[in-house]
Amino acid sequence: IAIFLLLVAQYFYMGIYYSTIDNLQALNTSAKKIAAGDFQERVKLPSQDELTQLGDSFNQMAKSFVVLFNEKHLDNLRLSAVVENSLDAVVGMNQDGNIIRWNRQAEKIFGHTSTEVIGRPLHGIIIPKEYRNDHQQGVQKYLATGKSDCLNTRCERKGLHQQGHTFPIELALTEIRNSANEIEFSAFIRDIADRKCAEAALLAASRAKSEFLANMSHEIRTPMNSVVGFATLAIQEKPTGVINEYLNNIKYSGDHLLSIINDILDFSKIEAGKF
């Protein structure tokens, strides 16, 4: 009887052991499938013991993980849509100097499609030849020292179009780290050629106005000096009556007009940068 009971106990022990092993293997298999990207995988355990409860917790964790993954995926889609439709050109470069991002506005500004430039060295695509060495040296300097004159600020540079001509750009450059903790650079770029033309036209108009005012002030002041001078000489002759009154009015009005003309001339000189 003792031997029989021992065999029965050993039978149940082995059954529980192999059942536990099977359940653990099922958990391990499901975990590997989820880790490989099969987020619909769920563990199925036939028993109703603690391992089953563990399996239920595992399945609940997998459901929560799917929700988080889907939310992150939607966030990434939204971010990609924002970048792709940005009014600024968004250009990404890895630490080797190769292009890794190129949105629609970059295609419009520089004339290259993303298919043409992804994976190619950035300096050969958008940087004029005379500035390429400075660009490459600047990147190497930053990777070695962490110092840059153009990082985390706005600066103006020259860009190179696909057709070969250069044009002024404004860029803001930032550093980010990817999932492998490698340095990447993101540049937000604007074509400021129209703005520069408008600024130049405004400056030319301002200078033309100032020169016109200066010339007109000079042309008016010269005869006014003569009028005031002759009026002063006539007053010195000590005329009497209404003549003296007229001469004094002429001198007073002439002096006042000259003061106004001098103020205009000084203002025009300040605008023209000649004061």
# chains A, B, ... in the order shown; residues from 1 in each chain; ligands from 1
$ residues_around --residues "Pro121 (chain A)" --least-positions-apart "6" --cutoff "8 Å" --atoms "only C-alpha atoms" --output "MDAnalysis selection string"
chainID A and resid 97:99
$ residues_around --residues "Phe167 (chain A)" --least-positions-apart "6" --cutoff "9 Å" --atoms "only C-alpha atoms" --output "PDB file with N, CA and C atoms, in the first residue's frame"
ATOM      1  N   ARG A 157      22.148  81.945 -44.171  1.00  0.00           N
ATOM      2  CA  ARG A 157      23.173  81.306 -44.981  1.00  0.00           C
ATOM      3  C   ARG A 157      22.753  81.355 -46.452  1.00  0.00           C
ATOM      4  N   LYS A 158      23.587  80.796 -47.305  1.00  0.00           N
ATOM      5  CA  LYS A 158      23.271  80.643 -48.725  1.00  0.00           C
ATOM      6  C   LYS A 158      22.886  79.187 -48.983  1.00  0.00           C
ATOM      7  N   GLY A 159      21.807  78.982 -49.736  1.00  0.00           N
ATOM      8  CA  GLY A 159      21.392  77.644 -50.117  1.00  0.00           C
ATOM      9  C   GLY A 159      21.638  77.405 -51.592  1.00  0.00           C
ATOM     10  N   LEU A 160      21.748  76.126 -51.959  1.00  0.00           N
ATOM     11  CA  LEU A 160      22.001  75.746 -53.354  1.00  0.00           C
ATOM     12  C   LEU A 160      20.768  75.054 -53.918  1.00  0.00           C
ATOM     13  N   HIS A 161      20.233  75.595 -55.008  1.00  0.00           N
ATOM     14  CA  HIS A 161      19.068  75.001 -55.666  1.00  0.00           C
ATOM     15  C   HIS A 161      19.510  73.897 -56.617  1.00  0.00           C
ATOM     16  N   ASP A 191      13.153  80.019 -47.276  1.00  0.00           N
ATOM     17  CA  ASP A 191      13.687  80.795 -48.393  1.00  0.00           C
ATOM     18  C   ASP A 191      13.354  82.267 -48.120  1.00  0.00           C
ATOM     19  N   ILE A 192      14.389  83.096 -47.933  1.00  0.00           N
ATOM     20  CA  ILE A 192      14.153  84.506 -47.603  1.00  0.00           C
ATOM     21  C   ILE A 192      14.553  85.426 -48.758  1.00  0.00           C
ATOM     22  N   ALA A 193      14.586  84.886 -49.968  1.00  0.00           N
ATOM     23  CA  ALA A 193      14.958  85.709 -51.125  1.00  0.00           C
ATOM     24  C   ALA A 193      13.976  86.862 -51.317  1.00  0.00           C
TER      25      ALA A 193
END
$ select_by_dssp --residues "region 56-269 of chain A" --states "strand (DSSP E)" --output "JSON, numbers by chain"
{"A": [89, 90, 91, 92, 93, 94, 99, 100, 101, 102, 154, 155, 156, 157, 158, 159, 160, 166, 167, 168, 169, 170, 171, 172, 173, 174, 175, 176, 177, 183, 184, 185, 186, 187, 188, 189, 190, 191]}
$ closest_residue --among "A:Ile220, A:Thr113, A:Tyr252, A:Asn94" --to "Thr232 (chain A)" --atoms "only C-alpha atoms"
A:Tyr252
$ residues_around --residues "Leu258 (chain A)" --least-positions-apart "3" --cutoff "10 Å" --atoms "only C-alpha atoms" --output "short mmCIF file (atom, residue, chain, number, x, y, z; two decimals) with all heavy atoms, in the first residue's frame"
data_model
loop_
_atom_site.label_atom_id
_atom_site.label_comp_id
_atom_site.auth_asym_id
_atom_site.auth_seq_id
_atom_site.Cartn_x
_atom_site.Cartn_y
_atom_site.Cartn_z
N SER A 217 15.90 120.58 -49.44
CA SER A 217 16.19 121.49 -48.33
C SER A 217 17.33 122.44 -48.70
O SER A 217 17.28 123.64 -48.41
CB SER A 217 16.57 120.69 -47.08
OG SER A 217 15.50 119.88 -46.66
N ILE A 220 16.09 125.05 -51.23
CA ILE A 220 15.23 126.07 -50.62
C ILE A 220 16.04 126.96 -49.69
O ILE A 220 15.83 128.18 -49.62
CB ILE A 220 14.07 125.41 -49.86
CG1 ILE A 220 13.18 124.64 -50.83
CG2 ILE A 220 13.24 126.44 -49.10
CD1 ILE A 220 12.09 123.83 -50.15
N ARG A 221 16.98 126.37 -48.96
CA ARG A 221 17.72 127.13 -47.96
C ARG A 221 18.61 128.21 -48.60
O ARG A 221 18.77 129.32 -48.06
CB ARG A 221 18.58 126.19 -47.10
CG ARG A 221 19.25 126.89 -45.93
CD ARG A 221 19.89 125.89 -44.99
NE ARG A 221 20.81 125.01 -45.69
CZ ARG A 221 21.53 124.08 -45.07
NH1 ARG A 221 21.40 123.91 -43.76
NH2 ARG A 221 22.35 123.32 -45.75
N THR A 222 19.18 127.89 -49.75
CA THR A 222 20.09 128.87 -50.39
C THR A 222 19.39 130.20 -50.72
O THR A 222 19.85 131.27 -50.33
CB THR A 222 20.72 128.25 -51.65
OG1 THR A 222 21.47 127.09 -51.28
CG2 THR A 222 21.64 129.25 -52.34
N MET A 224 16.59 131.25 -49.44
CA MET A 224 16.05 131.82 -48.21
C MET A 224 17.13 132.57 -47.45
O MET A 224 16.86 133.62 -46.82
CB MET A 224 15.45 130.73 -47.34
CG MET A 224 14.06 130.28 -47.76
SD MET A 224 12.90 131.66 -47.90
CE MET A 224 12.98 132.37 -46.27
N ASN A 225 18.35 132.05 -47.47
CA ASN A 225 19.46 132.77 -46.83
C ASN A 225 19.64 134.15 -47.48
O ASN A 225 19.92 135.14 -46.80
CB ASN A 225 20.76 131.97 -46.94
CG ASN A 225 20.84 130.87 -45.90
OD1 ASN A 225 20.36 131.04 -44.78
ND2 ASN A 225 21.47 129.75 -46.25
N VAL A 228 16.72 136.43 -46.27
CA VAL A 228 16.93 136.88 -44.89
C VAL A 228 18.10 137.84 -44.82
O VAL A 228 18.06 138.85 -44.09
CB VAL A 228 17.16 135.66 -43.97
CG1 VAL A 228 17.57 136.13 -42.56
CG2 VAL A 228 15.91 134.80 -43.89
N TYR A 252 11.76 137.67 -39.77
CA TYR A 252 11.27 136.70 -38.77
C TYR A 252 10.75 135.44 -39.46
O TYR A 252 11.09 134.31 -39.08
CB TYR A 252 10.15 137.35 -37.95
CG TYR A 252 9.46 136.36 -37.03
CD1 TYR A 252 10.04 135.98 -35.83
CD2 TYR A 252 8.22 135.80 -37.40
CE1 TYR A 252 9.41 135.06 -35.00
CE2 TYR A 252 7.60 134.89 -36.58
CZ TYR A 252 8.18 134.52 -35.37
OH TYR A 252 7.55 133.61 -34.56
N SER A 253 9.94 135.62 -40.51
CA SER A 253 9.39 134.45 -41.22
C SER A 253 10.50 133.66 -41.91
O SER A 253 10.48 132.42 -41.93
CB SER A 253 8.36 134.93 -42.26
OG SER A 253 7.28 135.58 -41.62
N GLY A 254 11.47 134.36 -42.46
CA GLY A 254 12.59 133.68 -43.13
C GLY A 254 13.41 132.87 -42.15
O GLY A 254 13.81 131.73 -42.44
N ASP A 255 13.71 133.46 -40.98
CA ASP A 255 14.47 132.71 -39.96
C ASP A 255 13.70 131.47 -39.49
O ASP A 255 14.29 130.40 -39.28
CB ASP A 255 14.75 133.61 -38.75
CG ASP A 255 15.82 134.66 -39.04
OD1 ASP A 255 16.63 134.41 -39.96
OD2 ASP A 255 15.83 135.70 -38.35
N ILE A 261 13.63 124.09 -42.23
CA ILE A 261 14.42 123.44 -43.28
C ILE A 261 15.63 122.72 -42.68
O ILE A 261 15.97 121.59 -43.08
CB ILE A 261 14.87 124.47 -44.33
CG1 ILE A 261 13.64 124.99 -45.09
CG2 ILE A 261 15.86 123.86 -45.31
CD1 ILE A 261 13.94 126.15 -46.02
N ASN A 262 16.29 123.34 -41.72
CA ASN A 262 17.44 122.71 -41.07
C ASN A 262 17.04 121.45 -40.32
O ASN A 262 17.77 120.45 -40.32
CB ASN A 262 18.10 123.70 -40.11
CG ASN A 262 18.88 124.78 -40.84
OD1 ASN A 262 19.37 124.56 -41.95
ND2 ASN A 262 18.99 125.97 -40.24
N ASP A 263 15.86 121.49 -39.69
CA ASP A 263 15.37 120.28 -39.00
C ASP A 263 15.12 119.15 -40.00
O ASP A 263 15.45 117.99 -39.74
CB ASP A 263 14.08 120.59 -38.24
CG ASP A 263 14.33 121.48 -37.02
OD1 ASP A 263 15.49 121.55 -36.57
OD2 ASP A 263 13.36 122.09 -36.52
N ILE A 264 14.51 119.50 -41.14
CA ILE A 264 14.27 118.48 -42.18
C ILE A 264 15.58 117.91 -42.70
O ILE A 264 15.73 116.70 -42.89
CB ILE A 264 13.45 119.09 -43.34
CG1 ILE A 264 12.03 119.45 -42.86
CG2 ILE A 264 13.37 118.10 -44.52
CD1 ILE A 264 11.21 120.18 -43.90
#
